[in-house]
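Source file: work.txt. Holds: compact mmCIF, N, CA and C atoms.
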# COMPACT_ATOMS: atom_id res chain seq x y z
N MET E 19 -0.83 12.26 -73.00
CA MET E 19 -0.65 11.03 -72.22
C MET E 19 0.81 10.84 -71.80
N GLU E 20 1.71 11.36 -72.61
CA GLU E 20 3.13 11.21 -72.28
C GLU E 20 3.47 11.93 -70.98
N ILE E 21 2.85 13.08 -70.75
CA ILE E 21 3.11 13.82 -69.50
C ILE E 21 2.62 13.02 -68.30
N VAL E 22 1.44 12.41 -68.42
CA VAL E 22 0.89 11.58 -67.34
C VAL E 22 1.82 10.39 -67.08
N ALA E 23 2.27 9.76 -68.16
CA ALA E 23 3.17 8.60 -68.03
C ALA E 23 4.46 9.01 -67.32
N ASN E 24 5.05 10.12 -67.75
CA ASN E 24 6.29 10.58 -67.12
C ASN E 24 6.09 10.93 -65.66
N LEU E 25 4.96 11.54 -65.35
CA LEU E 25 4.65 11.87 -63.96
C LEU E 25 4.53 10.60 -63.11
N LEU E 26 3.82 9.60 -63.62
CA LEU E 26 3.66 8.34 -62.88
C LEU E 26 4.99 7.62 -62.70
N VAL E 27 5.81 7.61 -63.75
CA VAL E 27 7.14 6.98 -63.63
C VAL E 27 7.96 7.72 -62.58
N GLY E 28 7.90 9.04 -62.58
CA GLY E 28 8.63 9.82 -61.59
C GLY E 28 8.15 9.54 -60.17
N LEU E 29 6.84 9.38 -60.01
CA LEU E 29 6.29 9.06 -58.69
C LEU E 29 6.73 7.68 -58.21
N VAL E 30 6.76 6.72 -59.12
CA VAL E 30 7.22 5.37 -58.74
C VAL E 30 8.70 5.42 -58.39
N ALA E 31 9.48 6.19 -59.14
CA ALA E 31 10.91 6.34 -58.82
C ALA E 31 11.07 6.98 -57.43
N ALA E 32 10.28 8.00 -57.15
CA ALA E 32 10.35 8.66 -55.84
C ALA E 32 9.95 7.70 -54.72
N LEU E 33 8.94 6.89 -54.96
CA LEU E 33 8.51 5.89 -53.98
C LEU E 33 9.66 4.94 -53.65
N HIS E 34 10.36 4.48 -54.68
CA HIS E 34 11.45 3.53 -54.44
C HIS E 34 12.67 4.21 -53.81
N ALA E 35 12.88 5.48 -54.10
CA ALA E 35 13.94 6.22 -53.40
C ALA E 35 13.58 6.36 -51.92
N TYR E 36 12.31 6.61 -51.63
CA TYR E 36 11.86 6.69 -50.24
C TYR E 36 12.05 5.34 -49.53
N ILE E 37 11.71 4.25 -50.22
CA ILE E 37 11.89 2.92 -49.63
C ILE E 37 13.37 2.67 -49.35
N LEU E 38 14.24 3.11 -50.26
CA LEU E 38 15.69 2.97 -50.03
C LEU E 38 16.07 3.66 -48.72
N VAL E 39 15.65 4.90 -48.54
CA VAL E 39 15.99 5.64 -47.32
C VAL E 39 15.42 4.94 -46.09
N LEU E 40 14.18 4.53 -46.18
CA LEU E 40 13.52 3.87 -45.06
C LEU E 40 14.25 2.58 -44.66
N GLU E 41 14.59 1.77 -45.65
CA GLU E 41 15.18 0.46 -45.34
C GLU E 41 16.68 0.53 -45.05
N MET E 42 17.38 1.47 -45.66
CA MET E 42 18.83 1.54 -45.45
C MET E 42 19.23 2.41 -44.26
N PHE E 43 18.47 3.48 -44.01
CA PHE E 43 18.92 4.46 -43.03
C PHE E 43 17.97 4.66 -41.84
N LEU E 44 16.71 4.33 -42.01
CA LEU E 44 15.73 4.58 -40.95
C LEU E 44 15.15 3.29 -40.36
N TRP E 45 15.69 2.16 -40.73
CA TRP E 45 15.12 0.88 -40.32
C TRP E 45 15.06 0.72 -38.81
N GLN E 46 16.09 1.17 -38.11
CA GLN E 46 16.12 0.99 -36.66
C GLN E 46 15.52 2.18 -35.91
N LYS E 47 15.05 3.16 -36.66
CA LYS E 47 14.39 4.31 -36.05
C LYS E 47 12.87 4.11 -36.16
N LYS E 48 12.13 4.99 -35.56
CA LYS E 48 10.67 4.83 -35.48
C LYS E 48 9.99 4.61 -36.84
N PRO E 49 10.32 5.37 -37.90
CA PRO E 49 9.62 5.12 -39.17
C PRO E 49 9.85 3.71 -39.72
N GLY E 50 11.08 3.23 -39.62
CA GLY E 50 11.39 1.89 -40.12
C GLY E 50 10.76 0.79 -39.27
N ARG E 51 10.85 0.94 -37.96
CA ARG E 51 10.25 -0.06 -37.07
C ARG E 51 8.74 -0.09 -37.22
N GLY E 52 8.15 1.06 -37.42
CA GLY E 52 6.70 1.14 -37.54
C GLY E 52 6.17 0.47 -38.80
N LEU E 53 7.01 0.36 -39.81
CA LEU E 53 6.59 -0.26 -41.07
C LEU E 53 6.11 -1.69 -40.85
N HIS E 54 6.83 -2.43 -40.01
CA HIS E 54 6.46 -3.82 -39.74
C HIS E 54 6.10 -4.07 -38.28
N GLY E 55 6.12 -3.03 -37.47
CA GLY E 55 5.80 -3.19 -36.06
C GLY E 55 6.91 -3.87 -35.27
N PHE E 56 8.15 -3.71 -35.72
CA PHE E 56 9.28 -4.34 -35.04
C PHE E 56 9.65 -3.56 -33.78
N ASP E 57 10.07 -4.31 -32.77
CA ASP E 57 10.67 -3.67 -31.60
C ASP E 57 12.14 -3.38 -31.95
N PRO E 58 12.83 -2.59 -31.12
CA PRO E 58 14.22 -2.24 -31.45
C PRO E 58 15.14 -3.45 -31.66
N GLU E 59 14.92 -4.51 -30.89
CA GLU E 59 15.78 -5.69 -31.03
C GLU E 59 15.58 -6.37 -32.39
N MET E 60 14.33 -6.53 -32.80
CA MET E 60 14.05 -7.15 -34.10
C MET E 60 14.55 -6.27 -35.24
N ALA E 61 14.38 -4.96 -35.10
CA ALA E 61 14.87 -4.04 -36.12
C ALA E 61 16.39 -4.15 -36.26
N ARG E 62 17.09 -4.25 -35.14
CA ARG E 62 18.54 -4.39 -35.15
C ARG E 62 18.94 -5.71 -35.82
N ALA E 63 18.23 -6.77 -35.51
CA ALA E 63 18.55 -8.08 -36.07
C ALA E 63 18.30 -8.15 -37.58
N THR E 64 17.30 -7.43 -38.05
CA THR E 64 16.93 -7.50 -39.47
C THR E 64 17.51 -6.35 -40.30
N ALA E 65 18.25 -5.44 -39.68
CA ALA E 65 18.77 -4.28 -40.39
C ALA E 65 19.62 -4.63 -41.62
N PRO E 66 20.51 -5.62 -41.54
CA PRO E 66 21.28 -5.95 -42.75
C PRO E 66 20.39 -6.43 -43.91
N LEU E 67 19.36 -7.20 -43.59
CA LEU E 67 18.43 -7.64 -44.64
C LEU E 67 17.68 -6.46 -45.23
N ALA E 68 17.24 -5.56 -44.38
CA ALA E 68 16.51 -4.38 -44.85
C ALA E 68 17.40 -3.50 -45.71
N ALA E 69 18.64 -3.34 -45.31
CA ALA E 69 19.57 -2.52 -46.09
C ALA E 69 19.78 -3.11 -47.48
N ASN E 70 19.85 -4.42 -47.57
CA ASN E 70 19.99 -5.08 -48.86
C ASN E 70 18.76 -4.82 -49.73
N GLN E 71 17.59 -4.95 -49.15
CA GLN E 71 16.35 -4.65 -49.88
C GLN E 71 16.33 -3.20 -50.31
N GLY E 72 16.77 -2.32 -49.44
CA GLY E 72 16.79 -0.89 -49.77
C GLY E 72 17.68 -0.60 -50.96
N LEU E 73 18.82 -1.27 -51.01
CA LEU E 73 19.73 -1.08 -52.14
C LEU E 73 19.05 -1.48 -53.45
N TYR E 74 18.36 -2.60 -53.44
CA TYR E 74 17.63 -3.03 -54.65
C TYR E 74 16.57 -2.01 -55.04
N ASN E 75 15.88 -1.44 -54.07
CA ASN E 75 14.90 -0.40 -54.38
C ASN E 75 15.57 0.83 -54.97
N GLY E 76 16.77 1.12 -54.52
CA GLY E 76 17.52 2.22 -55.10
C GLY E 76 17.87 1.97 -56.56
N PHE E 77 18.20 0.73 -56.88
CA PHE E 77 18.48 0.39 -58.28
C PHE E 77 17.23 0.57 -59.14
N LEU E 78 16.06 0.20 -58.61
CA LEU E 78 14.82 0.41 -59.34
C LEU E 78 14.59 1.91 -59.57
N ALA E 79 14.78 2.71 -58.55
CA ALA E 79 14.60 4.16 -58.69
C ALA E 79 15.57 4.73 -59.73
N ALA E 80 16.83 4.31 -59.65
CA ALA E 80 17.83 4.81 -60.60
C ALA E 80 17.48 4.41 -62.02
N GLY E 81 17.03 3.19 -62.21
CA GLY E 81 16.64 2.75 -63.55
C GLY E 81 15.47 3.54 -64.10
N LEU E 82 14.51 3.85 -63.25
CA LEU E 82 13.36 4.62 -63.69
C LEU E 82 13.76 6.05 -64.05
N VAL E 83 14.65 6.65 -63.28
CA VAL E 83 15.14 7.98 -63.61
C VAL E 83 15.90 7.94 -64.93
N TRP E 84 16.72 6.92 -65.12
CA TRP E 84 17.43 6.74 -66.39
C TRP E 84 16.43 6.69 -67.54
N GLY E 85 15.36 5.92 -67.36
CA GLY E 85 14.34 5.82 -68.39
C GLY E 85 13.68 7.16 -68.70
N LEU E 86 13.56 8.01 -67.69
CA LEU E 86 12.96 9.34 -67.91
C LEU E 86 13.87 10.28 -68.67
N VAL E 87 15.17 10.17 -68.45
CA VAL E 87 16.10 11.13 -69.06
C VAL E 87 16.69 10.63 -70.38
N ALA E 88 16.66 9.34 -70.64
CA ALA E 88 17.23 8.80 -71.87
C ALA E 88 16.30 9.08 -73.05
N ALA E 89 16.90 9.32 -74.18
CA ALA E 89 16.11 9.53 -75.40
C ALA E 89 15.50 8.20 -75.85
N ASP E 90 14.38 8.30 -76.55
CA ASP E 90 13.76 7.09 -77.10
C ASP E 90 14.57 6.61 -78.30
N PRO E 91 14.62 5.33 -78.56
CA PRO E 91 13.79 4.28 -77.96
C PRO E 91 14.34 3.74 -76.64
N THR E 92 15.56 4.13 -76.28
CA THR E 92 16.16 3.59 -75.05
C THR E 92 15.32 3.94 -73.83
N GLY E 93 14.90 5.19 -73.69
CA GLY E 93 14.13 5.62 -72.53
C GLY E 93 12.86 4.81 -72.36
N PHE E 94 12.15 4.60 -73.44
CA PHE E 94 10.92 3.80 -73.40
C PHE E 94 11.21 2.38 -72.95
N ARG E 95 12.21 1.77 -73.54
CA ARG E 95 12.55 0.38 -73.22
C ARG E 95 13.00 0.24 -71.76
N VAL E 96 13.78 1.19 -71.30
CA VAL E 96 14.27 1.16 -69.91
C VAL E 96 13.09 1.32 -68.94
N GLN E 97 12.17 2.22 -69.25
CA GLN E 97 10.99 2.39 -68.39
C GLN E 97 10.17 1.11 -68.34
N VAL E 98 9.94 0.49 -69.49
CA VAL E 98 9.16 -0.75 -69.53
C VAL E 98 9.86 -1.83 -68.71
N PHE E 99 11.17 -1.96 -68.87
CA PHE E 99 11.91 -2.98 -68.14
C PHE E 99 11.82 -2.77 -66.63
N PHE E 100 12.15 -1.55 -66.17
CA PHE E 100 12.19 -1.32 -64.73
C PHE E 100 10.79 -1.31 -64.11
N LEU E 101 9.80 -0.82 -64.82
CA LEU E 101 8.44 -0.89 -64.29
C LEU E 101 7.97 -2.34 -64.21
N SER E 102 8.35 -3.14 -65.18
CA SER E 102 8.02 -4.58 -65.11
C SER E 102 8.68 -5.22 -63.90
N CYS E 103 9.93 -4.84 -63.62
CA CYS E 103 10.61 -5.34 -62.42
C CYS E 103 9.87 -4.92 -61.16
N VAL E 104 9.39 -3.67 -61.11
CA VAL E 104 8.65 -3.19 -59.96
C VAL E 104 7.38 -4.01 -59.76
N VAL E 105 6.66 -4.27 -60.84
CA VAL E 105 5.41 -5.03 -60.74
C VAL E 105 5.69 -6.46 -60.27
N VAL E 106 6.68 -7.10 -60.86
CA VAL E 106 7.01 -8.49 -60.47
C VAL E 106 7.44 -8.53 -59.01
N ALA E 107 8.30 -7.60 -58.60
CA ALA E 107 8.74 -7.56 -57.19
C ALA E 107 7.56 -7.31 -56.26
N GLY E 108 6.65 -6.44 -56.67
CA GLY E 108 5.48 -6.16 -55.84
C GLY E 108 4.56 -7.35 -55.70
N VAL E 109 4.33 -8.06 -56.79
CA VAL E 109 3.49 -9.26 -56.73
C VAL E 109 4.16 -10.33 -55.88
N PHE E 110 5.45 -10.52 -56.07
CA PHE E 110 6.18 -11.51 -55.28
C PHE E 110 6.14 -11.15 -53.80
N GLY E 111 6.36 -9.88 -53.49
CA GLY E 111 6.29 -9.43 -52.10
C GLY E 111 4.92 -9.63 -51.50
N ALA E 112 3.88 -9.40 -52.30
CA ALA E 112 2.51 -9.58 -51.81
C ALA E 112 2.23 -11.04 -51.50
N VAL E 113 2.77 -11.93 -52.31
CA VAL E 113 2.54 -13.36 -52.11
C VAL E 113 3.37 -13.90 -50.95
N THR E 114 4.59 -13.41 -50.80
CA THR E 114 5.50 -14.00 -49.82
C THR E 114 5.62 -13.24 -48.50
N ALA E 115 5.30 -11.95 -48.50
CA ALA E 115 5.55 -11.15 -47.29
C ALA E 115 4.28 -10.49 -46.75
N SER E 116 3.67 -9.63 -47.55
CA SER E 116 2.51 -8.87 -47.08
C SER E 116 1.65 -8.45 -48.26
N ARG E 117 0.38 -8.67 -48.16
CA ARG E 117 -0.55 -8.28 -49.22
C ARG E 117 -0.51 -6.77 -49.47
N ARG E 118 -0.13 -6.03 -48.45
CA ARG E 118 0.00 -4.58 -48.54
C ARG E 118 0.91 -4.15 -49.69
N ILE E 119 1.93 -4.95 -49.97
CA ILE E 119 2.91 -4.63 -51.01
C ILE E 119 2.25 -4.59 -52.39
N LEU E 120 1.20 -5.35 -52.57
CA LEU E 120 0.49 -5.34 -53.85
C LEU E 120 -0.03 -3.94 -54.15
N PHE E 121 -0.54 -3.27 -53.15
CA PHE E 121 -1.12 -1.93 -53.34
C PHE E 121 -0.07 -0.83 -53.24
N ALA E 122 0.95 -1.04 -52.43
CA ALA E 122 1.97 -0.02 -52.22
C ALA E 122 3.02 0.00 -53.33
N GLN E 123 3.26 -1.13 -53.97
CA GLN E 123 4.34 -1.22 -54.95
C GLN E 123 3.85 -1.69 -56.31
N ALA E 124 3.17 -2.83 -56.37
CA ALA E 124 2.79 -3.39 -57.66
C ALA E 124 1.76 -2.53 -58.38
N LEU E 125 0.76 -2.04 -57.67
CA LEU E 125 -0.29 -1.24 -58.31
C LEU E 125 0.26 0.06 -58.90
N PRO E 126 1.03 0.85 -58.15
CA PRO E 126 1.60 2.05 -58.78
C PRO E 126 2.49 1.72 -59.98
N GLY E 127 3.27 0.66 -59.88
CA GLY E 127 4.11 0.25 -61.00
C GLY E 127 3.30 -0.16 -62.21
N ALA E 128 2.21 -0.89 -61.97
CA ALA E 128 1.35 -1.33 -63.07
C ALA E 128 0.65 -0.15 -63.73
N LEU E 129 0.20 0.81 -62.93
CA LEU E 129 -0.45 2.00 -63.50
C LEU E 129 0.54 2.80 -64.34
N ALA E 130 1.75 2.96 -63.84
CA ALA E 130 2.77 3.68 -64.60
C ALA E 130 3.13 2.92 -65.88
N LEU E 131 3.25 1.62 -65.79
CA LEU E 131 3.56 0.80 -66.97
C LEU E 131 2.45 0.93 -68.01
N ALA E 132 1.21 0.86 -67.58
CA ALA E 132 0.09 1.02 -68.51
C ALA E 132 0.12 2.39 -69.18
N ALA E 133 0.43 3.41 -68.41
CA ALA E 133 0.50 4.77 -68.98
C ALA E 133 1.64 4.89 -69.99
N VAL E 134 2.80 4.31 -69.66
CA VAL E 134 3.94 4.36 -70.58
C VAL E 134 3.58 3.65 -71.88
N LEU E 135 2.96 2.49 -71.79
CA LEU E 135 2.58 1.74 -72.99
C LEU E 135 1.51 2.48 -73.79
N ALA E 136 0.56 3.10 -73.09
CA ALA E 136 -0.51 3.84 -73.77
C ALA E 136 0.02 5.10 -74.45
N ALA E 137 1.05 5.69 -73.89
CA ALA E 137 1.63 6.92 -74.47
C ALA E 137 2.44 6.64 -75.72
N ARG E 138 2.79 5.42 -75.92
CA ARG E 138 3.62 5.03 -77.06
C ARG E 138 2.89 5.16 -78.32

Mind turning this structure into structure tokens?
Amino acid sequence: MEIVANLLVGLVAALHAYILVLEMFLWQKKPGRGLHGFDPEMARATAPLAANQGLYNGFLAAGLVWGLVAADPTGFRVQVFFLSCVVVAGVFGAVTASRRILFAQALPGALALAAVLAAR
């Protein structure tokens, strides 16, 4: 079960690294605009906000990687903390921005968190 948990944590970290790239560097390009259906003008106007969100996603990814490489009990605790942050952010995003976020962010985080707890 520990291998499955580590794999899921790694996938969630990769997802948040991808979101960082999308929001910080590709927001005004086709992949970023397509995420919300923004035209170039709206993408330009919201780029600073997206970059800020991207930075936070990068912190989540970094924390999850830290949790994977740190020895226990620190690694376990760090994974639980950052996965909990992912789930809370995903639920909040689903309530305030788009229901899609529940499935794209909160669900993978919750599955990884459940696996980490079950592997313990």

* When DSSP works through the backbone of this structure, what residues of segment 22-133 of chain E end up as alpha helix (DSSP H), shown as a ChimeraX atom specification? -> /E:22-42,48-54,58-87,92-114,118-119,125-133

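Closest approach to Val98 of chain E from the set E:Gly85, E:Met60, E:Phe110, E:Leu40 is made by E:Gly85, with distances taken over only C-alpha atoms.
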
* To do: Please provide the set of residues having any atom within 7 Å of Val27 of chain E, restricted to all atoms listed in the file, with same-chain residues fewer than 2 positions apart removed, written as JSON, numbers by chain.
  => {"E": [22, 23, 24, 25, 29, 30, 31, 32, 82, 83, 130, 131]}

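When only N, CA and C atoms are used to compute distances to Gly76 of chain E, the closest of the residues E:Met19, E:Leu125, E:Ala115, E:Val39 turns out to be E:Val39.
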
* Point-to-point distance in Å for atom CA of Ala68 of chain E and atom N of Lys47 of chain E ->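 So the answer is 11.2 Å.
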
* Using only C-alpha atoms, determine which residues lie at most 10 Å from Val106 of chain E, disregarding the query and same-chain residues fewer than 2 positions distant; provide the list as a list in words. =>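 The filter keeps Phe100, Leu101, Ser102, Cys103, Val104, Gly108, Val109, Phe110, Gly111, Ala112, Leu120, Gln123, Ala124, Gly127 and Ala128 of chain E.
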